[in-house]
$ cat final-v4.txt   # compact mmCIF, C-alpha atoms
# COMPACT_ATOMS: atom_id res chain seq x y z
CA MET A 150 -23.53 -32.47 21.29
CA ASN A 151 -22.87 -30.42 18.21
CA THR A 152 -21.84 -33.33 15.98
CA VAL A 153 -25.36 -34.77 15.82
CA SER A 154 -27.60 -31.73 15.80
CA ALA A 155 -25.53 -29.34 13.71
CA ILE A 156 -24.99 -30.90 10.32
CA GLY A 157 -26.41 -28.29 8.01
CA ALA A 158 -25.68 -24.57 8.17
CA ASP A 159 -24.25 -24.79 11.66
CA VAL A 160 -21.45 -27.11 10.65
CA SER A 161 -20.41 -24.96 7.74
CA SER A 162 -20.52 -21.80 9.83
CA GLN A 163 -18.52 -23.59 12.51
CA SER A 164 -15.99 -24.70 9.92
CA ARG A 165 -15.91 -21.17 8.51
CA THR A 166 -15.15 -19.79 11.96
CA MET A 167 -12.41 -22.37 12.41
CA GLN A 168 -10.82 -21.52 9.08
CA LEU A 169 -10.94 -17.78 9.75
CA ALA A 170 -9.45 -18.32 13.20
CA LEU A 171 -6.73 -20.47 11.66
CA ALA A 172 -5.86 -17.73 9.14
CA ALA A 173 -5.77 -15.09 11.87
CA LEU A 174 -3.60 -17.29 14.10
CA LEU A 175 -1.17 -17.91 11.25
CA GLY A 176 -0.87 -14.14 10.77
CA LEU A 177 -0.41 -13.51 14.49
CA PHE A 178 2.24 -16.22 14.70
CA VAL A 179 4.28 -14.72 11.84
CA VAL A 180 3.99 -11.17 13.21
CA GLY A 181 5.00 -12.45 16.64
CA PHE A 182 8.00 -14.27 15.22
CA LEU A 183 9.19 -11.28 13.16
CA GLY A 184 8.56 -8.65 15.79
CA PHE A 185 8.92 -10.41 19.13
CA SER A 186 11.33 -13.33 18.76
CA HIS A 187 14.21 -13.08 21.21
CA MET A 188 16.47 -15.06 18.90
CA GLU A 189 19.51 -12.92 18.16
CA VAL A 190 19.65 -13.86 14.48
CA VAL A 191 15.98 -12.99 13.89
CA HIS A 192 16.46 -9.72 15.76
CA ASN A 193 19.48 -8.77 13.67
CA ALA A 194 17.92 -9.71 10.35
CA ALA A 195 14.70 -7.78 11.02
CA HIS A 196 16.35 -5.00 13.06
CA ASP A 197 15.44 -2.02 10.89
CA TYR A 198 11.98 -3.45 10.29
CA ARG A 199 11.35 -3.78 14.03
CA HIS A 200 12.41 -0.22 14.72
CA SER A 201 10.38 1.09 11.79
CA MET A 202 7.26 -0.76 12.96
CA ALA A 203 7.72 0.53 16.52
CA PHE A 204 7.97 -2.97 17.98
CA PRO A 205 9.64 -3.04 21.38
CA CYS A 206 13.28 -3.65 20.51
CA HIS A 207 16.60 -4.20 22.32
CA MET B 61 -10.86 -25.24 3.43
CA SER B 62 -12.17 -22.90 0.75
CA VAL B 63 -12.64 -20.04 3.24
CA PHE B 64 -9.06 -20.42 4.48
CA ARG B 65 -7.73 -20.60 0.92
CA ASN B 66 -9.62 -17.47 -0.13
CA VAL B 67 -8.45 -15.53 2.91
CA VAL B 68 -4.84 -16.56 2.26
CA PHE B 69 -5.19 -15.65 -1.42
CA ILE B 70 -6.49 -12.14 -0.72
CA ALA B 71 -4.00 -11.64 2.12
CA ALA B 72 -1.02 -12.85 0.09
CA ILE B 73 -1.62 -10.48 -2.81
CA SER B 74 -2.67 -7.41 -0.83
CA GLY B 75 0.03 -8.02 1.80
CA LEU B 76 2.70 -8.42 -0.86
CA LEU B 77 1.78 -5.10 -2.47
CA ALA B 78 1.46 -3.21 0.82
CA GLY B 79 4.70 -4.79 2.07
CA VAL B 80 6.63 -3.69 -1.01
CA ILE B 81 5.30 -0.16 -0.59
CA LEU B 82 6.18 -0.23 3.12
CA ALA B 83 9.71 -1.41 2.35
CA ALA B 84 10.15 1.46 -0.12
CA LEU B 85 8.76 4.02 2.33
CA GLN B 86 10.98 2.75 5.16
CA THR B 87 14.06 2.85 2.96
CA TYR B 88 13.57 6.55 2.36
CA ALA B 89 11.82 7.70 5.55
CA THR B 90 12.88 5.66 8.59
CA VAL B 91 16.06 3.68 7.83
CA PRO B 92 18.23 6.80 7.28
CA LEU B 93 17.19 7.99 10.75
CA ILE B 94 18.05 4.58 12.25
CA LEU B 95 21.48 4.68 10.60
CA LYS B 96 22.00 8.21 11.91
CA ALA B 97 21.06 7.10 15.41
CA GLU B 98 23.53 4.21 15.19
CA THR B 99 26.35 6.71 14.74
CA TYR B 100 25.48 7.99 18.24
CA GLU B 101 25.18 4.40 19.49
CA ASN B 102 28.56 3.38 18.10
CA ALA B 103 30.35 6.62 18.97
CA GLY B 104 31.12 5.46 22.50
CA GLY B 105 31.22 1.73 21.83
CA HIS B 106 30.87 -0.36 24.95
CA GLU B 107 31.31 2.53 27.33
CA HIS B 108 28.55 4.48 25.68
CA ALA B 109 26.19 1.56 25.81
CA ALA B 110 27.03 0.85 29.43
CA ALA B 111 26.65 4.43 30.64
CA PRO B 112 22.81 4.63 30.58
CA ALA B 113 22.64 1.21 32.22
CA ALA B 114 24.85 2.37 35.08
CA GLY B 115 22.62 5.41 35.45
CA THR B 116 19.60 3.14 35.59
CA GLU B 117 21.01 1.20 38.48
CA ALA B 118 22.08 4.34 40.30
CA THR B 119 18.68 6.01 40.05
CA ALA B 120 16.69 2.87 40.85
CA PRO B 121 18.59 0.99 43.54
CA THR B 122 15.48 -0.86 44.68
CA ALA B 123 14.87 -2.32 41.23
CA GLY B 124 17.57 -4.94 41.82
CA THR B 125 17.40 -7.66 39.18
CA GLU B 126 15.08 -5.63 37.00
CA ALA B 127 17.72 -2.97 36.56
CA THR B 128 20.26 -5.46 35.28
CA ALA B 129 17.92 -6.77 32.60
CA PRO B 130 17.85 -3.55 30.55
CA ALA B 131 21.59 -3.26 31.08
CA ALA B 132 22.02 -6.59 29.34
CA GLN B 133 19.66 -5.49 26.57
CA VAL B 134 21.54 -2.24 26.04
CA ALA B 135 24.90 -3.94 25.99
CA ALA B 136 23.84 -6.65 23.55
CA PRO B 137 23.92 -4.61 20.30
CA ALA B 138 27.51 -3.56 20.87
CA GLU B 139 28.57 -7.20 21.04
CA GLU B 140 26.47 -8.50 18.17
CA GLU B 141 29.40 -8.67 15.76
CA VAL B 142 31.02 -11.41 17.82
CA GLU B 143 27.89 -13.07 19.17
CA ALA B 144 25.44 -13.61 16.33
CA TRP B 145 25.08 -13.33 12.63
CA ALA B 146 23.82 -10.02 11.29
CA PRO B 147 23.29 -8.94 7.71
CA ALA B 148 26.12 -6.87 6.27
CA ASP B 149 25.41 -3.18 5.88
CA GLY B 150 24.21 -2.10 2.49
CA PHE B 151 22.23 -4.29 0.15
CA GLU B 152 22.12 -7.36 2.39
CA ARG B 153 20.68 -5.39 5.28
CA PHE B 154 18.16 -3.73 2.97
CA ALA B 155 17.18 -7.10 1.50
CA TYR B 156 16.43 -8.64 4.90
CA SER B 157 14.44 -5.58 5.97
CA ALA B 158 12.46 -5.69 2.74
CA LEU B 159 11.84 -9.42 3.20
CA ALA B 160 10.63 -8.81 6.77
CA ASN B 161 8.34 -6.07 5.48
CA ILE B 162 6.78 -8.24 2.82
CA VAL B 163 6.33 -11.27 5.08
CA SER B 164 4.81 -9.12 7.80
CA GLY B 165 2.64 -7.38 5.21
CA VAL B 166 1.11 -10.76 4.35
CA ALA B 167 0.83 -11.66 8.05
CA PHE B 168 -0.94 -8.40 8.93
CA ALA B 169 -3.15 -8.93 5.88
CA LEU B 170 -4.10 -12.40 7.16
CA ILE B 171 -5.13 -10.87 10.49
CA LEU B 172 -7.02 -8.00 8.84
CA VAL B 173 -8.86 -10.13 6.28
CA ALA B 174 -9.75 -12.88 8.77
CA ALA B 175 -10.97 -10.35 11.36
CA SER B 176 -13.01 -8.46 8.76
CA GLU B 177 -14.65 -11.71 7.57
CA PHE B 178 -16.03 -12.21 11.07
CA ALA B 179 -17.72 -8.84 10.63
CA GLY B 180 -19.08 -9.62 7.16
CA GLY B 181 -16.03 -8.93 5.04
CA ILE B 182 -14.61 -5.85 3.34
CA ALA B 183 -17.02 -5.05 0.53
CA ASN B 184 -14.88 -2.67 -1.55
CA TRP B 185 -11.74 -0.57 -1.47
CA ARG B 186 -13.41 2.33 0.34
CA GLN B 187 -14.52 0.11 3.21
CA GLY B 188 -11.01 -1.28 3.11
CA VAL B 189 -9.60 2.17 3.82
CA PHE B 190 -11.58 2.28 7.06
CA TRP B 191 -10.44 -1.23 7.99
CA GLY B 192 -6.94 -0.01 7.30
CA PHE B 193 -7.43 2.94 9.66
CA ALA B 194 -8.61 0.48 12.30
CA GLY B 195 -5.50 -1.67 11.80
CA PHE B 196 -3.34 1.46 12.07
CA ALA B 197 -5.09 2.48 15.30
CA VAL B 198 -4.70 -1.00 16.78
CA PHE B 199 -1.14 -1.85 15.77
CA THR B 200 0.59 1.54 15.53
CA LEU B 201 -1.31 4.38 17.17
CA ALA B 202 -2.40 2.78 20.46
CA PRO B 203 0.88 1.02 21.36
CA GLY B 204 2.83 4.02 20.04
CA LEU B 205 1.19 6.37 22.55
CA GLY B 206 2.73 4.54 25.49
CA LEU B 207 5.81 3.19 23.74
CA PRO B 208 6.83 5.71 21.07
CA PRO B 209 8.94 4.28 18.23
CA GLU B 210 12.49 3.89 19.57
CA LEU B 211 15.77 4.54 17.86
CA PRO B 212 18.86 2.44 18.63
CA ALA B 213 20.73 3.63 21.74
CA MET B 214 17.61 5.04 23.37
CA PRO B 215 16.93 3.98 26.97
CA ALA B 216 13.97 1.68 27.45
CA ALA B 217 12.38 -0.46 30.12
CA ASP B 218 12.72 -4.26 30.30
CA LEU B 219 12.05 -5.78 26.87
CA GLY B 220 9.70 -8.50 28.14
CA ALA B 221 7.57 -6.00 30.08
CA ARG B 222 7.27 -3.76 27.03
CA GLN B 223 6.29 -6.68 24.80
CA VAL B 224 3.58 -7.69 27.29
CA TRP B 225 2.21 -4.13 27.45
CA TRP B 226 2.35 -3.84 23.64
CA THR B 227 0.40 -7.08 23.18
CA PHE B 228 -2.14 -6.17 25.86
CA THR B 229 -2.69 -2.75 24.30
CA VAL B 230 -3.19 -4.19 20.81
CA VAL B 231 -5.71 -6.77 22.04
CA ALA B 232 -7.62 -4.27 24.22
CA THR B 233 -7.76 -1.64 21.46
CA ALA B 234 -8.95 -4.18 18.87
CA ALA B 235 -11.63 -5.50 21.24
CA GLY B 236 -12.70 -1.98 22.15
CA LEU B 237 -13.03 -0.86 18.53
CA ALA B 238 -14.97 -4.03 17.66
CA LEU B 239 -17.41 -3.47 20.54
CA ILE B 240 -18.00 0.12 19.43
CA ALA B 241 -18.32 -0.67 15.72
CA PHE B 242 -20.27 -3.95 15.67
CA ARG B 243 -22.51 -3.93 18.76
CA GLN B 244 -25.39 -1.50 18.69
CA SER B 245 -25.39 -1.08 22.44
CA LEU B 246 -24.53 1.91 24.57
CA PRO B 247 -23.16 -0.06 27.55
CA LEU B 248 -20.94 -2.12 25.23
CA ALA B 249 -19.76 1.05 23.48
CA ILE B 250 -18.81 2.50 26.86
CA LEU B 251 -17.03 -0.75 27.70
CA GLY B 252 -15.24 -0.46 24.35
CA VAL B 253 -13.98 3.03 25.16
CA ALA B 254 -12.89 1.80 28.59
CA LEU B 255 -10.94 -1.05 26.98
CA ILE B 256 -9.17 1.37 24.65
CA VAL B 257 -8.32 3.73 27.53
CA ALA B 258 -7.33 1.07 30.10
CA PRO B 259 -3.78 0.27 28.86
CA HIS B 260 -2.89 3.96 29.02
CA ILE B 261 -4.22 4.30 32.57
CA ILE B 262 -2.10 1.29 33.55
CA GLY B 263 0.75 2.92 31.68
CA ALA B 264 3.54 1.52 29.54
CA PRO B 265 6.78 0.35 31.18
CA GLN B 266 9.18 3.30 31.09
CA PRO B 267 12.93 3.44 31.62
CA ALA B 268 14.21 4.83 34.91
CA SER B 269 15.74 7.72 33.00
CA HIS B 270 14.99 9.14 29.57
CA ASP B 271 18.52 10.54 29.24
CA SER B 272 19.56 9.60 25.74
CA PRO B 273 22.48 10.25 23.42
CA ILE B 274 19.91 10.67 20.61
CA PRO B 275 18.97 14.31 19.87
CA ALA B 276 15.31 15.04 20.58
CA ASP B 277 14.58 16.35 17.09
CA LEU B 278 16.01 13.20 15.49
CA HIS B 279 13.71 11.09 17.65
CA HIS B 280 10.74 13.35 16.88
CA ASN B 281 11.36 13.01 13.16
CA PHE B 282 11.55 9.24 13.59
CA VAL B 283 8.25 9.06 15.47
CA VAL B 284 6.52 11.05 12.72
CA ALA B 285 8.15 8.97 9.97
CA VAL B 286 7.19 5.65 11.59
CA THR B 287 3.62 6.75 12.25
CA ILE B 288 3.03 8.10 8.75
CA THR B 289 4.68 5.15 6.94
CA ASN B 290 2.55 2.75 8.97
CA LEU B 291 -0.59 4.78 8.21
CA VAL B 292 0.10 4.54 4.49
CA PHE B 293 0.86 0.82 4.81
CA TRP B 294 -2.41 0.05 6.60
CA VAL B 295 -4.58 2.19 4.31
CA VAL B 296 -3.03 0.61 1.21
CA LEU B 297 -3.39 -2.86 2.74
CA GLY B 298 -7.05 -2.36 3.65
CA ALA B 299 -7.97 -0.73 0.36
CA PHE B 300 -6.26 -3.40 -1.72
CA ALA B 301 -7.73 -6.24 0.35
CA GLY B 302 -11.20 -4.75 -0.19
CA PHE B 303 -10.56 -4.32 -3.90
CA MET B 304 -9.28 -7.89 -4.28
CA ARG B 305 -12.15 -9.38 -2.34
CA ASN B 306 -14.72 -7.42 -4.30
CA ARG B 307 -13.15 -8.36 -7.60
CA PHE B 308 -12.29 -12.03 -7.12
CA MET B 309 -14.34 -13.33 -4.21
CA GLY B 310 -17.64 -11.57 -4.77
CA GLU B 311 -19.32 -14.59 -6.34
CA GLN B 312 -18.10 -16.98 -3.69
CA ALA B 313 -19.36 -14.93 -0.79
CA PRO B 314 -22.65 -13.51 -2.05
CA ALA B 315 -24.22 -13.28 1.40
CA LEU B 316 -21.54 -11.02 2.76
CA HIS B 317 -22.24 -7.96 0.69
CA GLY B 318 -24.95 -6.73 -1.60
CA ARG B 319 -23.16 -6.51 -4.87
CA LEU B 320 -24.73 -9.66 -6.33
CA ALA B 321 -28.00 -9.47 -4.46
$ encode --input "final-v4.txt" --output "structure tokens"
Amino acid sequence: MNTVSAIGADVSSQSRTMQLALAALLGLFVVGFLGFSHMEVVHNAAHDYRHSMAFPCH
Amino acid sequence: MSVFRNVVFIAAISGLLAGVILAALQTYATVPLILKAETYENAGGHEHAAAPAAGTEATAPTAGTEATAPAAQVAAPAEEEVEAWAPADGFERFAYSALANIVSGVAFALILVAASEFAGGIANWRQGVFWGFAGFAVFTLAPGLGLPPELPAMPAADLGARQVWWTFTVVATAAGLALIAFRQSLPLAILGVALIVAPHIIGAPQPASHDSPIPADLHHNFVVAVTITNLVFWVVLGAFAGFMRNRFMGEQAPALHGRLA
């Protein structure tokens, strides 16, 4: 549906949206890993950071 | 992938700078309070850690399995020396905290820059300050109202429940602010306010008892220190992202702001 009709501006704006979403997801993934990971080693390494960023901890 | 590359470029540089500043601020403002709190946590060793958990079960007998979950969470730090690797106190611990700050600075910058591009991009450093305030409101202020920054050894509800509430609050606050700021519509603005308020009507998961070995004034100082250091971090991050974008990306995104028009 959108592959045929949307070749010009629509494709580039669609690709732009995809790239922005990808960048935001990458950021969310890293924040989630640093702040939310239940892995003991990650928790210990980033312990002071988690407390100082007010992430739920322990 | 030029859009992605540009977003990553701006985010990497502004996040690096804001992360370094955050690491420095935390070293002087929040980490000393965490270390002080750990002296209360370690004073009683296992018994001290187990005492609030026993109280939790006694005051909430109906909670059943839920009451044992925080007990396990409270007991875990006391056993971490034998269970899992942890950075040694001193420089190693500081280095890992600083690394976490810088990596998360870049990650928050990715979120901020990508989100702002959907709304036309941050035109200059002054707009960036306001984007920074928005990030502060979304990631620090709103979740911090229901779940104030905790020190080690403080009682808290089940970790998973708090993480769910935290995530829900961040998403709802971001959506609410976006509706208010970028939709010129009274009903949507009202919906935006409702979204921001909703998590606090639902309420954050709270421990059965707030009895804590941590003195109240120490905790109060920590809440203030965390809130202010995060405010500075977000304002610096937003301002620097706006400055970078204006300086290096202006020609590649002429439609997004009027500087070249």
$ interface_residues --input "final-v4.txt" --of "chain A" --to "chain B" --cutoff "9 Å" --atoms "all atoms listed in the file" --output "PDB file with C-alpha atoms, keeping the file's coordinate frame"
ATOM      1  CA  SER A 164     -15.990 -24.700   9.920  1.00  0.00           C
ATOM      2  CA  ARG A 165     -15.910 -21.170   8.510  1.00  0.00           C
ATOM      3  CA  THR A 166     -15.150 -19.790  11.960  1.00  0.00           C
ATOM      4  CA  MET A 167     -12.410 -22.370  12.410  1.00  0.00           C
ATOM      5  CA  GLN A 168     -10.820 -21.520   9.080  1.00  0.00           C
ATOM      6  CA  LEU A 169     -10.940 -17.780   9.750  1.00  0.00           C
ATOM      7  CA  ALA A 170      -9.450 -18.320  13.200  1.00  0.00           C
ATOM      8  CA  LEU A 171      -6.730 -20.470  11.660  1.00  0.00           C
ATOM      9  CA  ALA A 172      -5.860 -17.730   9.140  1.00  0.00           C
ATOM     10  CA  ALA A 173      -5.770 -15.090  11.870  1.00  0.00           C
ATOM     11  CA  LEU A 174      -3.600 -17.290  14.100  1.00  0.00           C
ATOM     12  CA  LEU A 175      -1.170 -17.910  11.250  1.00  0.00           C
ATOM     13  CA  GLY A 176      -0.870 -14.140  10.770  1.00  0.00           C
ATOM     14  CA  LEU A 177      -0.410 -13.510  14.490  1.00  0.00           C
ATOM     15  CA  PHE A 178       2.240 -16.220  14.700  1.00  0.00           C
ATOM     16  CA  VAL A 179       4.280 -14.720  11.840  1.00  0.00           C
ATOM     17  CA  VAL A 180       3.990 -11.170  13.210  1.00  0.00           C
ATOM     18  CA  LEU A 183       9.190 -11.280  13.160  1.00  0.00           C
ATOM     19  CA  GLY A 184       8.560  -8.650  15.790  1.00  0.00           C
ATOM     20  CA  PHE A 185       8.920 -10.410  19.130  1.00  0.00           C
ATOM     21  CA  GLU A 189      19.510 -12.920  18.160  1.00  0.00           C
ATOM     22  CA  VAL A 190      19.650 -13.860  14.480  1.00  0.00           C
ATOM     23  CA  VAL A 191      15.980 -12.990  13.890  1.00  0.00           C
ATOM     24  CA  HIS A 192      16.460  -9.720  15.760  1.00  0.00           C
ATOM     25  CA  ASN A 193      19.480  -8.770  13.670  1.00  0.00           C
ATOM     26  CA  ALA A 194      17.920  -9.710  10.350  1.00  0.00           C
ATOM     27  CA  ALA A 195      14.700  -7.780  11.020  1.00  0.00           C
ATOM     28  CA  HIS A 196      16.350  -5.000  13.060  1.00  0.00           C
ATOM     29  CA  ASP A 197      15.440  -2.020  10.890  1.00  0.00           C
ATOM     30  CA  TYR A 198      11.980  -3.450  10.290  1.00  0.00           C
ATOM     31  CA  ARG A 199      11.350  -3.780  14.030  1.00  0.00           C
ATOM     32  CA  HIS A 200      12.410  -0.220  14.720  1.00  0.00           C
ATOM     33  CA  SER A 201      10.380   1.090  11.790  1.00  0.00           C
ATOM     34  CA  MET A 202       7.260  -0.760  12.960  1.00  0.00           C
ATOM     35  CA  ALA A 203       7.720   0.530  16.520  1.00  0.00           C
ATOM     36  CA  PHE A 204       7.970  -2.970  17.980  1.00  0.00           C
ATOM     37  CA  PRO A 205       9.640  -3.040  21.380  1.00  0.00           C
ATOM     38  CA  CYS A 206      13.280  -3.650  20.510  1.00  0.00           C
ATOM     39  CA  HIS A 207      16.600  -4.200  22.320  1.00  0.00           C
TER      40      HIS A 207
END
$ atom_distance --input "final-v4.txt" --atom1 "CA of Ser269 in chain B" --atom2 "CA of Phe228 in chain B"
23.7 Å
$ closest_residue --input "final-v4.txt" --among "B:Ala299, B:Leu291, B:Ala238, B:Leu205" --to "Val257 in chain B" --atoms "only C-alpha atoms"
B:Leu205
$ atom_distance --input "final-v4.txt" --atom1 "CA of Ile162 in chain B" --atom2 "CA of Leu76 in chain B"
5.5 Å
$ residues_near_point --input "final-v4.txt" --point "(-15.9, -4.4, -5.0)" --cutoff "6 Å" --atoms "all atoms listed in the file" --output "PDB file with C-alpha atoms, keeping the file's coordinate frame"
ATOM      1  CA  ALA B 183     -17.020  -5.050   0.530  1.00  0.00           C
ATOM      2  CA  ASN B 184     -14.880  -2.670  -1.550  1.00  0.00           C
ATOM      3  CA  PHE B 303     -10.560  -4.320  -3.900  1.00  0.00           C
ATOM      4  CA  ASN B 306     -14.720  -7.420  -4.300  1.00  0.00           C
ATOM      5  CA  ARG B 307     -13.150  -8.360  -7.600  1.00  0.00           C
TER       6      ARG B 307
END
$ atom_distance --input "final-v4.txt" --atom1 "CA of Trp191 in chain B" --atom2 "CA of Leu297 in chain B"
8.9 Å
$ decode --input "final-v4.txt" --residues "range 226-251 of chain B" --atoms "N, CA and C atoms" --output "mmCIF file, in the first residue's frame"
data_model
loop_
_atom_site.group_PDB
_atom_site.id
_atom_site.type_symbol
_atom_site.label_atom_id
_atom_site.label_comp_id
_atom_site.auth_asym_id
_atom_site.auth_seq_id
_atom_site.Cartn_x
_atom_site.Cartn_y
_atom_site.Cartn_z
ATOM 1 N N TRP B 226 7.088 3.462 38.040
ATOM 2 C CA TRP B 226 8.051 4.464 37.551
ATOM 3 C C TRP B 226 7.912 4.613 36.039
ATOM 4 N N THR B 227 7.923 3.489 35.328
ATOM 5 C CA THR B 227 7.837 3.516 33.869
ATOM 6 C C THR B 227 6.512 4.119 33.416
ATOM 7 N N PHE B 228 5.426 3.694 34.045
ATOM 8 C CA PHE B 228 4.106 4.213 33.692
ATOM 9 C C PHE B 228 4.047 5.724 33.906
ATOM 10 N N THR B 229 4.610 6.194 35.022
ATOM 11 C CA THR B 229 4.579 7.622 35.322
ATOM 12 C C THR B 229 5.379 8.423 34.305
ATOM 13 N N VAL B 230 6.552 7.901 33.925
ATOM 14 C CA VAL B 230 7.388 8.597 32.941
ATOM 15 C C VAL B 230 6.653 8.699 31.601
ATOM 16 N N VAL B 231 6.064 7.595 31.159
ATOM 17 C CA VAL B 231 5.365 7.596 29.866
ATOM 18 C C VAL B 231 4.166 8.535 29.908
ATOM 19 N N ALA B 232 3.368 8.458 30.991
ATOM 20 C CA ALA B 232 2.158 9.283 31.082
ATOM 21 C C ALA B 232 2.517 10.761 31.161
ATOM 22 N N THR B 233 3.573 11.106 31.923
ATOM 23 C CA THR B 233 3.959 12.507 32.053
ATOM 24 C C THR B 233 4.475 13.044 30.724
ATOM 25 N N ALA B 234 5.289 12.239 30.015
ATOM 26 C CA ALA B 234 5.807 12.674 28.714
ATOM 27 C C ALA B 234 4.660 12.878 27.728
ATOM 28 N N ALA B 235 3.723 11.932 27.694
ATOM 29 C CA ALA B 235 2.586 12.059 26.772
ATOM 30 C C ALA B 235 1.735 13.274 27.138
ATOM 31 N N GLY B 236 1.531 13.479 28.433
ATOM 32 C CA GLY B 236 0.728 14.615 28.876
ATOM 33 C C GLY B 236 1.356 15.941 28.501
ATOM 34 N N LEU B 237 2.659 16.088 28.743
ATOM 35 C CA LEU B 237 3.354 17.326 28.387
ATOM 36 C C LEU B 237 3.309 17.554 26.885
ATOM 37 N N ALA B 238 3.485 16.480 26.098
ATOM 38 C CA ALA B 238 3.471 16.621 24.640
ATOM 39 C C ALA B 238 2.099 17.078 24.160
ATOM 40 N N LEU B 239 1.032 16.521 24.728
ATOM 41 C CA LEU B 239 -0.318 16.932 24.333
ATOM 42 C C LEU B 239 -0.547 18.409 24.638
ATOM 43 N N ILE B 240 -0.062 18.856 25.802
ATOM 44 C CA ILE B 240 -0.263 20.251 26.190
ATOM 45 C C ILE B 240 0.567 21.179 25.303
ATOM 46 N N ALA B 241 1.815 20.779 25.010
ATOM 47 C CA ALA B 241 2.726 21.679 24.325
ATOM 48 C C ALA B 241 2.501 21.720 22.810
ATOM 49 N N PHE B 242 2.137 20.587 22.205
ATOM 50 C CA PHE B 242 2.179 20.518 20.740
ATOM 51 C C PHE B 242 0.821 20.332 20.077
ATOM 52 N N ARG B 243 -0.260 20.302 20.847
ATOM 53 C CA ARG B 243 -1.588 20.239 20.238
ATOM 54 C C ARG B 243 -2.360 21.471 20.692
ATOM 55 N N GLN B 244 -2.721 22.310 19.752
ATOM 56 C CA GLN B 244 -3.482 23.502 20.127
ATOM 57 C C GLN B 244 -4.953 23.129 20.269
ATOM 58 N N SER B 245 -5.248 22.441 21.350
ATOM 59 C CA SER B 245 -6.625 21.963 21.531
ATOM 60 C C SER B 245 -6.920 21.878 23.013
ATOM 61 N N LEU B 246 -8.005 22.522 23.418
ATOM 62 C CA LEU B 246 -8.345 22.521 24.843
ATOM 63 C C LEU B 246 -8.657 21.113 25.363
ATOM 64 N N PRO B 247 -9.484 20.326 24.662
ATOM 65 C CA PRO B 247 -9.748 18.968 25.191
ATOM 66 C C PRO B 247 -8.470 18.144 25.331
ATOM 67 N N LEU B 248 -7.554 18.256 24.355
ATOM 68 C CA LEU B 248 -6.311 17.487 24.445
ATOM 69 C C LEU B 248 -5.429 18.006 25.568
ATOM 70 N N ALA B 249 -5.464 19.321 25.817
ATOM 71 C CA ALA B 249 -4.698 19.875 26.935
ATOM 72 C C ALA B 249 -5.230 19.336 28.261
ATOM 73 N N ILE B 250 -6.570 19.256 28.348
ATOM 74 C CA ILE B 250 -7.171 18.705 29.573
ATOM 75 C C ILE B 250 -6.791 17.237 29.733
ATOM 76 N N LEU B 251 -6.816 16.500 28.598
ATOM 77 C CA LEU B 251 -6.397 15.101 28.642
ATOM 78 C C LEU B 251 -4.931 15.005 29.082
#
